[in-house]
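entry.csv (CSV, C-alpha atoms and all ligand atoms)
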chain,number,residue,atom,x,y,z
A,1,MET,CA,89.7,92.9,114.1
A,2,SER,CA,85.9,92.6,113.9
A,3,ILE,CA,84.1,94.9,111.5
A,4,ILE,CA,80.5,93.5,111.9
A,5,GLU,CA,79.0,92.2,115.0
A,6,LEU,CA,75.5,91.0,115.5
A,7,LYS,CA,74.5,90.7,119.1
A,8,ASN,CA,71.5,88.6,119.8
A,9,VAL,CA,69.6,90.1,116.8
A,10,SER,CA,66.0,89.2,116.1
A,11,LYS,CA,63.6,90.5,113.5
A,12,THR,CA,59.9,89.9,113.7
A,13,TYR,CA,57.5,90.9,111.0
A,14,GLN,CA,53.9,91.5,111.8
A,15,THR,CA,51.5,90.6,109.0
A,16,LYS,CA,47.7,90.8,109.2
A,17,GLN,CA,47.5,87.0,109.8
A,18,LYS,CA,50.4,86.3,112.0
A,19,GLN,CA,53.8,87.2,113.4
A,20,VAL,CA,56.9,85.9,111.6
A,21,THR,CA,60.3,85.7,113.3
A,22,ALA,CA,62.6,85.9,110.2
A,23,VAL,CA,65.8,86.3,112.3
A,24,ASN,CA,66.0,84.7,115.6
A,25,GLN,CA,68.6,85.6,118.2
A,26,VAL,CA,71.5,85.6,115.8
A,27,ASN,CA,75.1,86.2,117.1
A,28,LEU,CA,77.8,86.7,114.5
A,29,THR,CA,81.2,88.3,114.3
A,30,ILE,CA,82.7,89.1,110.9
A,31,GLU,CA,86.4,90.1,110.7
A,32,LYS,CA,87.8,92.8,108.5
A,33,GLY,CA,88.9,91.5,105.2
A,34,GLU,CA,87.0,88.3,105.5
A,35,ILE,CA,84.7,86.7,102.9
A,36,PHE,CA,81.8,85.5,105.0
A,37,GLY,CA,79.1,83.3,103.6
A,38,ILE,CA,75.6,82.9,104.9
A,39,ILE,CA,73.8,79.8,103.5
A,40,GLY,CA,70.3,78.6,104.0
A,41,TYR,CA,67.3,77.4,102.1
A,42,SER,CA,64.5,79.7,100.9
A,43,GLY,CA,62.8,81.3,103.9
A,44,ALA,CA,65.7,80.7,106.3
A,45,GLY,CA,66.1,84.4,106.9
A,46,LYS,CA,69.1,85.4,104.8
A,47,SER,CA,67.6,88.4,103.0
A,48,SER,CA,66.2,89.7,106.3
A,49,LEU,CA,69.6,89.4,107.8
A,50,ILE,CA,71.3,91.3,105.0
A,51,ARG,CA,68.7,94.1,105.2
A,52,LEU,CA,69.6,94.4,108.9
A,53,LEU,CA,73.3,94.8,107.9
A,54,ASN,CA,72.7,97.6,105.5
A,55,ASN,CA,70.3,99.3,107.9
A,56,LEU,CA,67.4,99.0,105.4
A,57,GLU,CA,65.5,97.5,108.4
A,58,SER,CA,66.1,97.7,112.1
A,59,PRO,CA,66.1,94.7,114.4
A,60,THR,CA,63.2,94.0,116.7
A,61,SER,CA,65.7,93.3,119.4
A,62,GLY,CA,69.5,93.1,119.7
A,63,GLU,CA,72.3,95.2,118.1
A,64,VAL,CA,73.9,95.4,114.7
A,65,VAL,CA,77.3,96.9,115.3
A,66,ILE,CA,79.5,97.9,112.4
A,67,ASN,CA,82.9,99.6,112.9
A,68,ASP,CA,82.1,99.8,116.6
A,69,LYS,CA,78.9,101.7,116.0
A,70,ASN,CA,75.3,100.6,116.6
A,71,VAL,CA,74.0,101.2,113.1
A,72,ASN,CA,70.4,101.9,114.3
A,73,GLN,CA,71.5,104.9,116.3
A,74,LEU,CA,73.2,106.6,113.3
A,75,LYS,CA,71.6,109.8,112.0
A,76,GLY,CA,72.2,112.6,109.5
A,77,LYS,CA,75.7,112.8,108.1
A,78,GLU,CA,76.9,109.7,110.1
A,79,LEU,CA,74.1,107.7,108.5
A,80,ARG,CA,74.9,109.0,105.0
A,81,ASP,CA,78.6,108.1,105.5
A,82,PHE,CA,77.7,104.7,106.8
A,83,ARG,CA,75.6,104.0,103.7
A,84,LYS,CA,78.5,104.9,101.4
A,85,LYS,CA,80.7,102.4,103.3
A,86,ILE,CA,78.5,99.5,102.3
A,87,GLY,CA,78.1,98.4,98.7
A,88,MET,CA,75.7,95.9,97.5
A,89,ILE,CA,75.2,93.6,94.5
A,90,PHE,CA,72.1,91.7,93.6
A,91,GLN,CA,70.9,88.5,91.9
A,92,HIS,CA,69.2,90.4,89.0
A,93,PHE,CA,71.9,93.1,88.9
A,94,ASN,CA,69.5,96.1,89.4
A,95,LEU,CA,71.1,98.2,86.7
A,96,LEU,CA,69.5,101.2,85.0
A,97,TRP,CA,68.7,99.9,81.5
A,98,SER,CA,68.6,103.3,79.9
A,99,ARG,CA,72.1,104.1,81.1
A,100,THR,CA,75.3,102.9,79.5
A,101,VAL,CA,77.8,100.8,81.5
A,102,ILE,CA,79.9,103.8,82.4
A,103,ASP,CA,76.9,105.9,83.3
A,104,ASN,CA,75.6,103.2,85.6
A,105,ILE,CA,79.0,103.2,87.4
A,106,LEU,CA,79.0,107.0,87.5
A,107,LEU,CA,75.6,107.2,89.1
A,108,PRO,CA,76.6,106.7,92.8
A,109,LEU,CA,79.5,109.1,92.3
A,110,GLU,CA,77.1,111.8,91.0
A,111,LEU,CA,74.8,111.1,94.0
A,112,SER,CA,77.7,111.7,96.3
A,113,LYS,CA,78.7,114.8,94.5
A,114,VAL,CA,82.2,113.8,93.4
A,115,PRO,CA,83.6,116.4,91.0
A,116,LYS,CA,83.1,115.4,87.3
A,117,GLU,CA,86.8,114.9,86.4
A,118,GLU,CA,87.4,112.8,89.4
A,119,ARG,CA,84.4,110.6,89.0
A,120,VAL,CA,85.2,109.9,85.3
A,121,LYS,CA,88.7,108.9,86.4
A,122,ARG,CA,87.3,106.7,89.1
A,123,ALA,CA,84.8,105.0,86.8
A,124,GLU,CA,87.5,104.2,84.3
A,125,GLU,CA,89.6,102.6,87.0
A,126,LEU,CA,86.6,100.5,88.1
A,127,ILE,CA,86.0,99.4,84.5
A,128,LYS,CA,89.5,98.2,84.4
A,129,LEU,CA,89.3,96.5,87.8
A,130,VAL,CA,86.3,94.5,86.8
A,131,GLY,CA,87.5,93.7,83.2
A,132,LEU,CA,85.0,95.6,81.2
A,133,GLU,CA,87.4,97.6,79.0
A,134,GLY,CA,85.8,98.3,75.6
A,135,LYS,CA,82.2,98.0,77.0
A,136,GLU,CA,82.0,101.5,78.5
A,137,LYS,CA,79.4,102.7,76.0
A,138,ALA,CA,77.3,99.5,75.9
A,139,PHE,CA,73.8,99.3,77.4
A,140,PRO,CA,73.1,96.6,79.9
A,141,ASN,CA,70.8,94.6,77.5
A,142,GLU,CA,73.8,94.3,75.2
A,143,LEU,CA,75.8,92.4,77.9
A,144,SER,CA,76.0,88.8,79.1
A,145,GLY,CA,74.9,88.0,82.6
A,146,GLY,CA,78.5,87.9,83.8
A,147,GLN,CA,79.2,91.3,82.3
A,148,LYS,CA,76.1,92.7,83.9
A,149,GLN,CA,77.2,91.5,87.3
A,150,ARG,CA,80.7,93.1,86.6
A,151,VAL,CA,78.9,96.4,86.1
A,152,GLY,CA,77.0,95.8,89.4
A,153,ILE,CA,80.3,95.1,91.2
A,154,ALA,CA,82.0,98.2,89.7
A,155,ARG,CA,79.0,100.4,90.7
A,156,ALA,CA,79.0,98.9,94.2
A,157,LEU,CA,82.6,99.8,94.6
A,158,ALA,CA,82.3,103.3,93.3
A,159,ASN,CA,82.2,105.0,96.7
A,160,GLU,CA,85.1,102.8,98.0
A,161,PRO,CA,83.0,100.8,100.5
A,162,GLU,CA,84.6,98.8,103.3
A,163,ILE,CA,81.9,96.1,103.1
A,164,LEU,CA,80.4,94.5,100.0
A,165,LEU,CA,77.1,92.7,100.5
A,166,CYS,CA,76.2,90.1,97.9
A,167,ASP,CA,72.6,88.9,97.7
A,168,GLU,CA,72.6,85.7,95.6
A,169,ALA,CA,74.9,87.5,93.2
A,170,THR,CA,75.7,84.4,91.1
A,171,SER,CA,72.3,82.6,91.3
A,172,ALA,CA,71.2,83.8,87.9
A,173,LEU,CA,74.5,82.8,86.2
A,174,ASP,CA,75.7,79.6,84.6
A,175,PRO,CA,78.4,77.6,86.4
A,176,GLN,CA,81.3,78.9,84.3
A,177,THR,CA,80.2,82.5,84.6
A,178,THR,CA,79.6,81.9,88.3
A,179,ASP,CA,83.2,80.9,88.7
A,180,GLU,CA,84.4,84.0,86.8
A,181,VAL,CA,82.4,86.3,89.0
A,182,LEU,CA,83.6,84.5,92.1
A,183,ASP,CA,87.2,84.9,90.9
A,184,LEU,CA,86.6,88.6,90.5
A,185,LEU,CA,85.2,88.8,94.1
A,186,LEU,CA,88.2,87.0,95.4
A,187,ASP,CA,90.5,89.3,93.5
A,188,ILE,CA,88.9,92.5,94.8
A,189,ASN,CA,88.8,91.0,98.3
A,190,GLN,CA,92.6,90.6,98.2
A,191,LYS,CA,93.4,93.8,96.2
A,192,LEU,CA,91.2,96.2,98.3
A,193,ASP,CA,91.1,94.3,101.6
A,194,LEU,CA,87.4,94.5,101.2
A,195,THR,CA,85.1,92.6,103.6
A,196,ILE,CA,82.5,90.6,101.7
A,197,VAL,CA,79.3,89.2,103.1
A,198,LEU,CA,77.4,87.0,100.8
A,199,ILE,CA,74.2,85.1,101.0
A,200,THR,CA,73.5,82.1,98.9
A,201,HIS,CA,71.8,78.7,98.7
A,202,GLU,CA,74.7,77.2,96.8
A,203,MET,CA,77.4,75.4,98.9
A,204,ASN,CA,79.9,75.5,96.0
A,205,VAL,CA,79.9,79.3,96.2
A,206,ILE,CA,80.8,79.1,99.9
A,207,ARG,CA,83.5,76.5,99.3
A,208,LYS,CA,85.2,78.4,96.5
A,209,ILE,CA,85.6,81.8,98.0
A,210,CYS,CA,84.5,82.1,101.7
A,211,HIS,CA,86.8,82.0,104.7
A,212,LYS,CA,83.9,81.4,107.1
A,213,VAL,CA,80.3,80.3,106.8
A,214,ALA,CA,77.2,80.5,108.9
A,215,VAL,CA,74.3,78.1,108.1
A,216,MET,CA,70.8,79.4,108.7
A,217,GLU,CA,67.6,77.6,109.3
A,218,LEU,CA,64.2,79.0,110.5
A,219,GLY,CA,65.9,82.4,111.3
A,220,GLN,CA,68.6,80.9,113.4
A,221,VAL,CA,72.3,80.4,112.8
A,222,ILE,CA,72.5,76.6,113.4
A,223,GLU,CA,76.2,76.2,112.6
A,224,SER,CA,79.2,78.5,111.8
A,225,GLY,CA,82.9,78.3,111.5
A,226,GLU,CA,85.9,78.0,109.1
A,227,VAL,CA,84.7,76.7,105.7
A,228,LEU,CA,87.0,73.7,105.7
A,229,SER,CA,86.0,72.5,109.1
A,230,VAL,CA,82.3,72.8,108.3
A,231,PHE,CA,82.8,70.8,105.1
A,232,LYS,CA,84.9,68.2,106.8
A,233,ASN,CA,82.7,67.8,109.9
A,234,PRO,CA,79.2,69.2,109.4
A,235,GLN,CA,77.3,69.2,112.7
A,236,ASN,CA,73.7,69.5,111.4
A,237,LYS,CA,71.5,67.7,109.0
A,238,VAL,CA,70.9,70.8,106.9
A,239,THR,CA,74.7,71.5,106.7
A,240,GLU,CA,75.3,67.9,105.7
A,241,LYS,CA,72.7,68.3,102.9
A,242,PHE,CA,74.5,71.4,101.6
A,243,VAL,CA,77.9,69.7,101.7
A,244,LYS,CA,76.4,66.7,99.8
A,245,GLN,CA,74.8,69.0,97.3
A,246,ASP,CA,78.2,70.5,96.5
A,247,ALA,CA,79.8,67.0,96.2
A,248,LEU,CA,77.1,65.9,93.8
A,249,VAL,CA,77.7,68.9,91.6
A,250,ASP,CA,81.3,67.7,91.3
A,251,GLY,CA,80.3,64.2,90.5
A,252,GLU,CA,81.5,62.8,93.8
A,253,GLU,CA,79.4,60.8,96.3
A,254,ASN,CA,77.3,59.5,93.6
A,255,GLU,CA,75.6,56.6,95.4
A,256,GLU,CA,75.1,54.6,92.3
A,257,ALA,CA,78.8,54.8,91.4
A,258,ILE,CA,79.8,53.9,95.0
A,259,SER,CA,77.4,50.9,95.2
A,260,TYR,CA,78.8,49.7,91.8
A,261,LEU,CA,82.4,49.9,93.2
A,262,LEU,CA,81.4,48.0,96.4
A,263,ASP,CA,79.9,45.2,94.2
A,264,ALA,CA,82.9,45.2,91.9
A,265,TYR,CA,85.4,45.0,94.8
A,266,PRO,CA,83.9,42.7,97.4
A,267,GLU,CA,87.2,41.7,99.0
A,268,GLY,CA,89.1,43.2,101.9
A,269,MET,CA,88.1,46.5,103.4
A,270,ILE,CA,86.6,49.5,101.5
A,271,VAL,CA,87.5,52.7,103.2
A,272,LYS,CA,86.8,56.3,102.6
A,273,LEU,CA,89.7,58.6,103.4
A,274,LEU,CA,89.2,62.3,103.9
A,275,PHE,CA,92.2,64.4,103.4
A,276,GLU,CA,93.4,68.0,103.3
A,277,GLY,CA,96.1,68.9,100.7
A,278,ASP,CA,96.8,66.1,98.2
A,279,LYS,CA,100.7,65.7,98.3
A,280,ALA,CA,100.8,64.7,102.0
A,281,THR,CA,98.1,62.0,101.5
A,282,GLU,CA,100.0,60.3,98.7
A,283,ALA,CA,103.0,60.0,101.0
A,284,VAL,CA,100.9,58.5,103.8
A,285,ILE,CA,99.4,55.9,101.5
A,286,SER,CA,102.7,54.7,100.1
A,287,LYS,CA,104.2,54.6,103.6
A,288,ALA,CA,101.3,52.4,104.7
A,289,ILE,CA,101.8,50.0,101.8
A,290,ARG,CA,105.5,49.6,102.8
A,291,GLU,CA,105.1,49.4,106.5
A,292,PHE,CA,102.1,47.0,106.7
A,293,SER,CA,102.6,45.0,103.5
A,294,ILE,CA,99.0,45.5,102.5
A,295,ASP,CA,97.7,46.3,99.1
A,296,ILE,CA,95.9,49.6,98.5
A,297,ASN,CA,93.8,50.0,95.5
A,298,VAL,CA,92.4,53.5,94.8
A,299,LEU,CA,88.8,53.1,93.5
A,300,GLN,CA,87.8,56.7,93.3
A,301,ALA,CA,89.3,60.1,94.2
A,302,ASN,CA,88.1,63.6,94.3
A,303,ILE,CA,89.6,66.8,95.2
A,304,ARG,CA,88.0,70.2,95.8
A,305,GLN,CA,89.4,73.6,96.2
A,306,THR,CA,88.5,76.1,98.9
A,307,ASN,CA,89.7,79.7,99.3
A,308,GLN,CA,92.6,78.5,101.5
A,309,THR,CA,93.4,74.9,100.7
A,310,SER,CA,92.3,71.8,98.9
A,311,PHE,CA,90.5,68.8,100.4
A,312,GLY,CA,89.0,65.6,99.1
A,313,THR,CA,87.9,62.1,99.6
A,314,MET,CA,89.4,58.9,98.3
A,315,LEU,CA,87.7,55.5,98.2
A,316,VAL,CA,90.3,52.8,98.6
A,317,GLN,CA,90.3,49.0,98.8
A,318,LEU,CA,92.7,47.6,101.4
A,319,THR,CA,93.6,43.9,101.2
A,320,GLY,CA,95.9,41.9,103.4
A,321,GLU,CA,96.0,40.3,106.8
A,322,ALA,CA,93.1,41.4,109.1
A,323,ASN,CA,95.4,42.7,111.9
A,324,LEU,CA,97.5,44.7,109.4
A,325,LEU,CA,94.4,46.3,107.9
A,326,SER,CA,93.3,47.5,111.4
A,327,GLU,CA,96.8,48.8,112.1
A,328,SER,CA,96.8,50.7,108.9
A,329,ILE,CA,93.5,52.3,109.8
A,330,VAL,CA,95.1,53.6,113.0
A,331,PHE,CA,98.1,54.7,111.0
A,332,PHE,CA,95.9,56.8,108.7
A,333,GLU,CA,94.1,58.4,111.6
A,334,LYS,CA,97.4,59.2,113.3
A,335,ASN,CA,98.6,60.9,110.1
A,336,GLY,CA,95.7,63.2,110.0
A,337,LEU,CA,93.4,61.5,107.6
A,338,GLY,CA,89.7,61.1,108.3
A,339,VAL,CA,88.7,57.4,108.0
A,340,GLU,CA,85.4,55.8,107.4
A,341,VAL,CA,85.1,52.1,106.9
A,342,ILE,CA,82.4,51.6,104.2
A,343,GLN,CA,82.5,47.8,103.8
A,344,TYR,CA,84.5,44.9,105.3
A,345,GLY,CA,83.9,41.8,103.3
B,1,LIG,N1,58.5,92.1,104.9
B,1,LIG,C1,58.1,90.9,105.4
B,1,LIG,N2,56.9,90.8,105.9
B,1,LIG,C2,56.5,89.6,106.4
B,1,LIG,N3,57.2,88.5,106.4
B,1,LIG,C3,58.5,88.6,105.9
B,1,LIG,C4,59.0,89.8,105.3
B,1,LIG,N4,60.2,89.5,104.8
B,1,LIG,C5,60.4,88.2,105.0
B,1,LIG,N5,59.4,87.6,105.7
B,1,LIG,C6,59.3,86.2,106.1
B,1,LIG,O1,60.5,86.0,106.9
B,1,LIG,C7,61.0,84.6,106.6
B,1,LIG,C8,62.4,84.7,106.2
B,1,LIG,O2,62.4,85.3,104.9
B,1,LIG,P1,63.8,85.8,104.1
B,1,LIG,O3,63.4,86.4,102.8
B,1,LIG,O4,64.6,86.6,105.0
B,1,LIG,O5,64.5,84.4,103.8
B,1,LIG,P2,65.6,84.0,102.8
B,1,LIG,O6,66.4,83.0,103.4
B,1,LIG,O7,66.2,85.2,102.2
B,1,LIG,O8,64.7,83.3,101.6
B,1,LIG,P3,64.7,83.6,100.1
B,1,LIG,O9,66.0,83.2,99.5
B,1,LIG,O10,63.5,82.8,99.5
B,1,LIG,O11,64.5,85.1,100.0
B,1,LIG,C9,60.0,84.0,105.6
B,1,LIG,O12,59.1,83.3,106.3
B,1,LIG,C10,59.4,85.2,105.0
B,1,LIG,O13,58.1,84.9,104.5
Represent the supplied structure as C-alpha cells.
Amino acid sequence: MSIIELKNVSKTYQTKQKQVTAVNQVNLTIEKGEIFGIIGYSGAGKSSLIRLLNNLESPTSGEVVINDKNVNQLKGKELRDFRKKIGMIFQHFNLLWSRTVIDNILLPLELSKVPKEERVKRAEELIKLVGLEGKEKAFPNELSGGQKQRVGIARALANEPEILLCDEATSALDPQTTDEVLDLLLDINQKLDLTIVLITHEMNVIRKICHKVAVMELGQVIESGEVLSVFKNPQNKVTEKFVKQDALVDGEENEEAISYLLDAYPEGMIVKLLFEGDKATEAVISKAIREFSIDINVLQANIRQTNQTSFGTMLVQLTGEANLLSESIVFFEKNGLGVEVIQYG
C-alpha cells in the first residue's frame, strides 16, 4: 500500500539572477513500512524534495500525495494533524541546548498539548526505545554525536508519526556511530512499522538499511528500484560511482590490489563472480570443480550486507582446458552468478 506518491513534481526557485529547477518532474511511490533512500551529490535536489514531502514548500507543478491526500490542499486542523504524522531528524540534530534530554523529547508533546502525566510516560518509553536510559537529565553538550541523534530520533517519534524523514542524519557521525544509528532506525522501522525516507550522499547508508533507492541528479530521479538490483546492475554513471564508493569503503574493488593479483596470476582465466547469499555460491563453485575438472583458485572475496540479504564479489582464477573453462562460465551464469571475465591469459 503506498503512503507517499509524488506525481510529476517540479520545484523551481526564482532568484534575482536566474531560475533554478531544483526538482524536475519527479515521480515516486513509497510503500507503507518501507525504508526508502534518496541519494545524490550536493545540489542534486534532495533537500528540496524532502521539504516538499513535509509541506515546508509547495511544488511549482505536480502533486505530493500522502495517505491519499494532496498535502498542498490541507488546511487548519487537517494540516496540523498532517504535520504531527511526519517526524524529522537532521544532520546537526537541531536540539535545544538549554533543555535536558527528557525536556527536548517532551517539547513536541507539550506543543500538542498532551496531558502532563501522559507525556512524561511517553517520553520515558521513548528514552528506553532509543537506548538513552540514565541520560534523561543530561544536556545535549554532554552527549556524544550518536547520543544526540538518539535524542533527535526520540523527539521525532514523540507524536507517533507514520513517516520519519531523515536529512543526512548520519553524515556528521563516525562510521561506527553511523552503524549504531542505522541499526536503531532499522529497529524502529520494524517495531513501529514506520515508513522512513532518508536522504544521503553515502551509498553504504542506502545499502545497510534501505529497501528501495532513488538516485537523483540535476533535480531528476535518474534511477530507482530495489537496493540489491541497483547495486548489482547500476544503469547510470552516477549510480555506478556511488556503488563503487561503497565498495571502496569496504576495501573491495581496490584497483591497485586487483592489478597486483592479475600480475601475480597470469595463467588461465581471471573471472569476477557476482553473487547473492554466500552458501549457494560455495556449492556452485565446488560443483564446477567436480563437473568440469578445472581448478578454481579464489584470489579475493568480499561480502556485503543489505537490509534483506547479502551479496558480494569473488575474484577467481580458473585453470584447465579452454573448452572446459568456457563451459564452466556458462554453468556459473545458469546457476545465477554474475560473471565478468577480467583477463584471459
Ligand atoms: N531556496 C532556494 N532558492 C534558490 N535556489 C535554491 C533554494 N534551495 C535550493 N536551491 C537550489 O536548488 C538546487 C538543489 O538544491 P538542494 O539543496 O535541494 O540539493 P541537495 O541535493 O540537497 O544538495 P545539498 O546536499 O548540498 O543540500 C541547487 O542548485 C540549489 O542551489
**Nearby polymer residues, ligand LIG 1 (chain B), at most 6 Å, all atoms listed in the file, as a ChimeraX atom specification** = /A:13,15,20,22,40-48
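For the residues A:Ala154, A:Gly338, A:Glu282, A:Gln220, ranking by smallest atom-to-atom distance to Asn233 in chain A using all atoms listed in the file places A:Gly338 first.
Put simply, CA of Asp179 in chain A is 24.8 Å away from CA of Met314 in chain A.
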**Prompt:** What lies within 8 Å of Ser58 in chain A using only C-alpha atoms, ignoring chain neighbours under 5 positions off, as a ChimeraX atom specification?
**Reply:** /A:11,52,72
**Request:** For Thr313 in chain A, work out the shell of residues within 9 Å, counting only C-alpha atoms and skipping chain neighbours fewer than 4 positions away, then give it as a count of residues only.
**Result:** 12
**Message:** When you count all atoms listed in the file, which of these residues is closest to Glu5 in chain A: A:Glu291, A:Glu31, A:Asp81, A:Glu223?
**Reply:** A:Glu31
Quick one: contact table of range 66-123 of chain A to range 189-209 of chain A, 10 Å max, nearest atom pair and distance in Å to one decimal per residue, counting all atoms listed in the file, chain and number order, as a Markdown table?
| residue | atom | partner | partner_atom | distance |
| --- | --- | --- | --- | --- |
| A:Ile86 | CA | A:Thr195 | CA | 9.6 |
| A:Gly87 | CA | A:Ile196 | CA | 9.4 |
| A:Met88 | CA | A:Val197 | CA | 9.4 |
| A:Ile89 | CA | A:Leu198 | CA | 9.4 |
| A:Gln91 | CA | A:Thr200 | CA | 9.8 |
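Reported to one decimal place, the separation of CA of Gln176 in chain A from CA of Pro140 in chain A is 20.0 Å.
With only C-alpha atoms taken into account, every residue lying no more than 7 Å from the file point (87.4, 82.6, 111.0) is included here: His211, Lys212, Gly225 and Glu226 of chain A.
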**Request:** Go through A:Ala123, A:Leu79, A:Val23, A:Val243 one by one, measure the shortest atom-to-atom distance of each to Ala156 in chain A using all atoms listed in the file, and give the residue with the smallest value.
**Result:** A:Ala123
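Taking all atoms listed in the file into account, Leu28 in chain A lies nearest to A:Val215 out of the set A:Pro161, A:Leu126, A:Ile153, A:Val215.
For the pair CA of Phe331 in chain A and CA of Ile289 in chain A, the separation is 11.0 Å.
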Write out, as a Markdown table, each residue of range 152-265 of chain A that has an atom at most 8 Å from range 93-109 of chain A, together with the closest pair of atoms and their distance in Å to one decimal, counting all atoms listed in the file, rows going by chain and rising number.
| residue | atom | partner | partner_atom | distance |
| --- | --- | --- | --- | --- |
| A:Gly152 | CA | A:Phe93 | CA | 5.8 |
| A:Ala154 | CA | A:Ile105 | CA | 6.3 |
| A:Arg155 | CA | A:Ile105 | CA | 4.3 |
| A:Ala158 | CA | A:Leu109 | CA | 6.5 |
| A:Asn159 | CA | A:Leu109 | CA | 6.6 |
| A:Ala169 | CA | A:Phe93 | CA | 7.7 |
